[in-house]
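One structure below.
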Amino acid sequence: MKKFLSLALVLSIIVFMFSGCLQSKKTLNVGTDATYEPFESIDESGNFVGFDMELIKMVAAEMKMELNLQNVNWDGIIPGLINGNYDCLISAMTITEERQKEISFSDPYFSIKQVIVVKEENDRIKTPADLVGKTVTAQIGTTGDLYASEIRGIKMKRFDTNPQAVQELLNNNADAVVMDDLVASEAVSKNPGLKMIDITDIETEYYGIGVKKEDTELLEKINAALEALKNNGKLDELTRKYKPAN
Amino acid sequence: MFIVKQYYCLKFVILFLLLGTFSVFLSVPTQAAELTVNSKPSGAEIWLDGVNTGHVTPSTLSEITEGPHLIELRNLRHYRNEKRNLAVKPGHNTLTINIPERSLYYMWLSLPALLMGALMTLFLTVVAVFNGILIGTLAGVARVIHNKIINICSGVYVDFIRGTPLLVQIFMIHFGSPPLLGMLFNNGQPIPLNPFLSALLALSINSGAYVAEIIRAGIQSIDKGQMEAARSLGMTYRQSMQHIILPQALKRVIPPLGNEFIAMLKDSSLVSVIGMEEIVRKAQVIVTRSYRPTETWLEVGMIFLVMTIPFTRIVARLERRLKVND
């Protein structure tokens, strides 16, 4: 009986191990951290929704490939790509020089700027200079985190997901959160009592789809797909859906 | 006469101006505006400035005066009452409100997803502890065998696993080992491990080390006379272990093994950091969207209790039963 059980368990483990291999070659495996509204999140029915999700579906369709989305943790998303858990990543990831040392990025597909989110009643914080000496949260390893960490005299608290950083502000455990502008407006609209402060003179950041450095072929295909979506207007349409011109 | 004409002209002009402004004043539309109120979900009563309008969302209220108003949505079953202050502008206004669920209803809605996660937690625990017992029996015996090399090897394994945090072990296996495996077997290309495999490996190896210590203690608690008697009957070390010592030892360690199972139920939640969709990871994904950590984490805690308390009782019963036998 014991032998049978152990055999059954070992077999099921092996089946799970190789379940990845049973995909047809024409599948695009994509990693994303689906805790980042409105770019990627999971809705009540368990579907991946958001700007990045719609974009990658269109890109996969252009490349005539099936799509396999994997929800992974943000701080493991680049190691997971390098290790080969997925072929590319799309996760509202800003193209930075540091990251380009590890992976390659596609052509930019979206632009954002960092903003500060504070409680509505807070009149004291109006510029990044006002953050000195304050407790500021951000999602670990994001450009918001990197930007805020450079301010001397700031007290940083870093969290695994962006909503956790926002919750810390809501719980009065922090004075401000630094994050991307579109994500901030989503958080502000969902949580009454918060407001968004623009940062003047800050660089515009661009999002890119990440692939392994050696994967030049895949990168070319993705860029070609993005180019096609730019030319036929679908990328603009999608951008306008999420970023209505105000 | 010239002056009189001018005087009359002026009067006319003034009169004309007065009439003009008066008529303009008259023709300004009565300050009525329209307000369309939408809500997700729909069906809530719309109250305007504390008075029930008799309308239910989605609905358009016509003939609202401009200016600030208090709009409330009330009496939607299972959903909270929401209020908004809105400065109504002339013409057409829209207001869309997402109504949050009442706490208990919200917890009811998140239950299916969390229970799926709990099922995965149970599955991971059962497989991990089962594998742990297999590995642990070998390692435990290896600790007591009269062979120095085997002793040391097993000792290194047990000390390493018990001396490092499970979280670190999970990271080492999921993120750290692919490049190493790649260098050994794949010409430097990392070999990816999918989260399910990494989770099972990490939890099984971890469980194995703790079970090894439990079984070692169990073996050493068996009277030396048993081994002596077995050997004097002509059994080899292996046979004595297999047929005499281990059966007795394993029966003795069932309560501690039960505790290991309960501990693993809770420790398994750490695999959420590699994206494994067990209950904690599912809860994180839900909280991300709903911004309601209090209800969600309370619910997760309660589900854990429902899983652990029965096992705690079973282990307590087993302990009492086995004590009587001794």
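Chain labels A, B, ... are given in the sequence in which chains occur in the structure tokens; within each chain residues are numbered consecutively from 1, and ligands are likewise numbered from 1 in the order shown.
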
All residues 7 Å or closer to stretch 211-219 of chain B, only C-alpha atoms, same chain fewer than 3 positions away omitted, as number ranges by chain = B: 132-133, 136-137, 139-141, 143-144, 207-208, 222, 245-246, 249-250, 252-253, 256

How about saving the chosen residues, N, CA and C atoms kept, as a PDB file, in the first residue's frame?
ATOM      1  N   GLY B 132       9.018  13.774   3.137  1.00  0.00           N
ATOM      2  CA  GLY B 132       9.868  14.035   4.286  1.00  0.00           C
ATOM      3  C   GLY B 132      10.058  12.796   5.137  1.00  0.00           C
ATOM      4  N   ILE B 133       8.995  12.017   5.284  1.00  0.00           N
ATOM      5  CA  ILE B 133       9.115  10.788   6.081  1.00  0.00           C
ATOM      6  C   ILE B 133      10.025   9.785   5.374  1.00  0.00           C
ATOM      7  N   GLY B 136      13.435  11.298   5.649  1.00  0.00           N
ATOM      8  CA  GLY B 136      13.807  11.384   7.053  1.00  0.00           C
ATOM      9  C   GLY B 136      14.127  10.037   7.667  1.00  0.00           C
ATOM     10  N   THR B 137      13.411   9.005   7.232  1.00  0.00           N
ATOM     11  CA  THR B 137      13.720   7.671   7.758  1.00  0.00           C
ATOM     12  C   THR B 137      15.138   7.271   7.361  1.00  0.00           C
ATOM     13  N   ALA B 139      17.599   9.305   6.478  1.00  0.00           N
ATOM     14  CA  ALA B 139      18.576  10.171   7.138  1.00  0.00           C
ATOM     15  C   ALA B 139      18.668   9.863   8.624  1.00  0.00           C
ATOM     16  N   GLY B 140      17.538   9.543   9.232  1.00  0.00           N
ATOM     17  CA  GLY B 140      17.530   9.244  10.661  1.00  0.00           C
ATOM     18  C   GLY B 140      18.313   7.987  10.968  1.00  0.00           C
ATOM     19  N   VAL B 141      18.081   6.953  10.186  1.00  0.00           N
ATOM     20  CA  VAL B 141      18.847   5.710  10.349  1.00  0.00           C
ATOM     21  C   VAL B 141      20.321   5.988  10.104  1.00  0.00           C
ATOM     22  N   ARG B 143      21.926   8.489  10.756  1.00  0.00           N
ATOM     23  CA  ARG B 143      22.545   9.175  11.883  1.00  0.00           C
ATOM     24  C   ARG B 143      22.983   8.200  12.981  1.00  0.00           C
ATOM     25  N   VAL B 144      22.304   7.031  13.051  1.00  0.00           N
ATOM     26  CA  VAL B 144      22.629   6.122  14.155  1.00  0.00           C
ATOM     27  C   VAL B 144      23.483   4.940  13.729  1.00  0.00           C
ATOM     28  N   SER B 207      11.284  19.217   5.293  1.00  0.00           N
ATOM     29  CA  SER B 207      10.577  18.277   6.164  1.00  0.00           C
ATOM     30  C   SER B 207      11.464  17.094   6.498  1.00  0.00           C
ATOM     31  N   GLY B 208      12.204  16.613   5.490  1.00  0.00           N
ATOM     32  CA  GLY B 208      13.064  15.451   5.680  1.00  0.00           C
ATOM     33  C   GLY B 208      14.048  15.642   6.816  1.00  0.00           C
ATOM     34  N   ILE B 222      14.361   3.324  21.706  1.00  0.00           N
ATOM     35  CA  ILE B 222      14.064   1.890  21.804  1.00  0.00           C
ATOM     36  C   ILE B 222      15.168   1.228  22.634  1.00  0.00           C
ATOM     37  N   ILE B 245      13.440  -2.745  15.002  1.00  0.00           N
ATOM     38  CA  ILE B 245      13.598  -1.412  15.603  1.00  0.00           C
ATOM     39  C   ILE B 245      12.658  -0.388  14.978  1.00  0.00           C
ATOM     40  N   LEU B 246      12.734  -0.274  13.650  1.00  0.00           N
ATOM     41  CA  LEU B 246      11.963   0.793  12.996  1.00  0.00           C
ATOM     42  C   LEU B 246      10.454   0.704  13.248  1.00  0.00           C
ATOM     43  N   ALA B 249       9.944   2.135  16.551  1.00  0.00           N
ATOM     44  CA  ALA B 249      10.289   3.559  16.604  1.00  0.00           C
ATOM     45  C   ALA B 249       9.235   4.406  15.907  1.00  0.00           C
ATOM     46  N   LEU B 250       8.809   3.946  14.729  1.00  0.00           N
ATOM     47  CA  LEU B 250       7.847   4.739  13.975  1.00  0.00           C
ATOM     48  C   LEU B 250       6.528   4.880  14.734  1.00  0.00           C
ATOM     49  N   ARG B 252       6.257   5.029  17.868  1.00  0.00           N
ATOM     50  CA  ARG B 252       6.471   5.979  18.955  1.00  0.00           C
ATOM     51  C   ARG B 252       6.434   7.412  18.476  1.00  0.00           C
ATOM     52  N   VAL B 253       6.905   7.641  17.239  1.00  0.00           N
ATOM     53  CA  VAL B 253       7.055   9.037  16.810  1.00  0.00           C
ATOM     54  C   VAL B 253       5.839   9.559  16.057  1.00  0.00           C
ATOM     55  N   PRO B 256       4.943  13.237  17.333  1.00  0.00           N
ATOM     56  CA  PRO B 256       5.807  14.301  16.793  1.00  0.00           C
ATOM     57  C   PRO B 256       5.665  14.477  15.284  1.00  0.00           C
TER      58      PRO B 256
END

Which residues of chain B come within 7 Å of chain A, and for each one, what is the closest pair of atoms and their distance in Å to one decimal, counting only C-alpha atoms, sorted by chain and residue number, as CSV?
residue,atom,partner,partner_atom,distance
B:Phe175,CA,A:Pro79,CA,6.6
B:Pro178,CA,A:Asn83,CA,5.9
B:Pro179,CA,A:Asn83,CA,6.6
B:Pro190,CA,A:Asn83,CA,5.1
B:Ile191,CA,A:Asn83,CA,6.3
B:Pro192,CA,A:Gly84,CA,5.1
B:Leu193,CA,A:Asn85,CA,6.9
B:Asn194,CA,A:Asn85,CA,6.6
B:Leu197,CA,A:Met17,CA,6.2
B:Val273,CA,A:Asn73,CA,6.5
B:Ile274,CA,A:Asn73,CA,6.3
B:Gly275,CA,A:Val72,CA,4.8
B:Val285,CA,A:Thr35,CA,6.3
B:Thr288,CA,A:Pro163,CA,5.5

List every residue of stretch 169-204 of chain A that DSSP, applied to the backbone of this structure, assigns to strand (DSSP E), and report them as a list in words.
-> Ala176, Val177, Val178, Met179, Asp180, Leu194, Lys195, Met196, Ile197 and Asp198 of chain A

Mind checking which residues fall within 9 Å of A:Lys212, counting only C-alpha atoms, ignoring those fewer than 5 positions away in the same chain, and posting them as a VMD selection string?
-> chain A and resid 81 to 82 84 87 to 88 102 to 105 218 to 219

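If you measure from each of A:Ala165, A:Leu28, A:Ile116, A:Ile125 to A:Met58 using only C-alpha atoms, the closest one turns out to be A:Leu28.
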
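Across the model, the gap from atom CA of B:Val129 to atom CA of B:Ser204 is 6.4 Å.
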
Which neighbours of A:Glu205 fall inside 9 Å, counting only C-alpha atoms, when residues of the same chain fewer than 6 positions from it are skipped, and could you give them as a VMD selection string?
-> chain A and resid 94 to 96 110 to 114 143

Interatomic distance between atom CA of B:Arg102 and atom CA of B:Pro41?
-> 13.0 Å

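Between atom CA of B:Trp297 and atom CA of B:Ala283 the separation is 7.2 Å.
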
Do you know which residues are at most 7 Å from B:Leu35 counting only C-alpha atoms, after dropping those on the same chain fewer than 2 positions away, and could you put them as a VMD selection string?
-> chain B and resid 33 37 60 to 62 92 to 94

Among the residues A:Pro128, A:Asp123, A:Met196, A:Ala92, the one that comes closest to A:Phe51 [using only C-alpha atoms] = A:Ala92
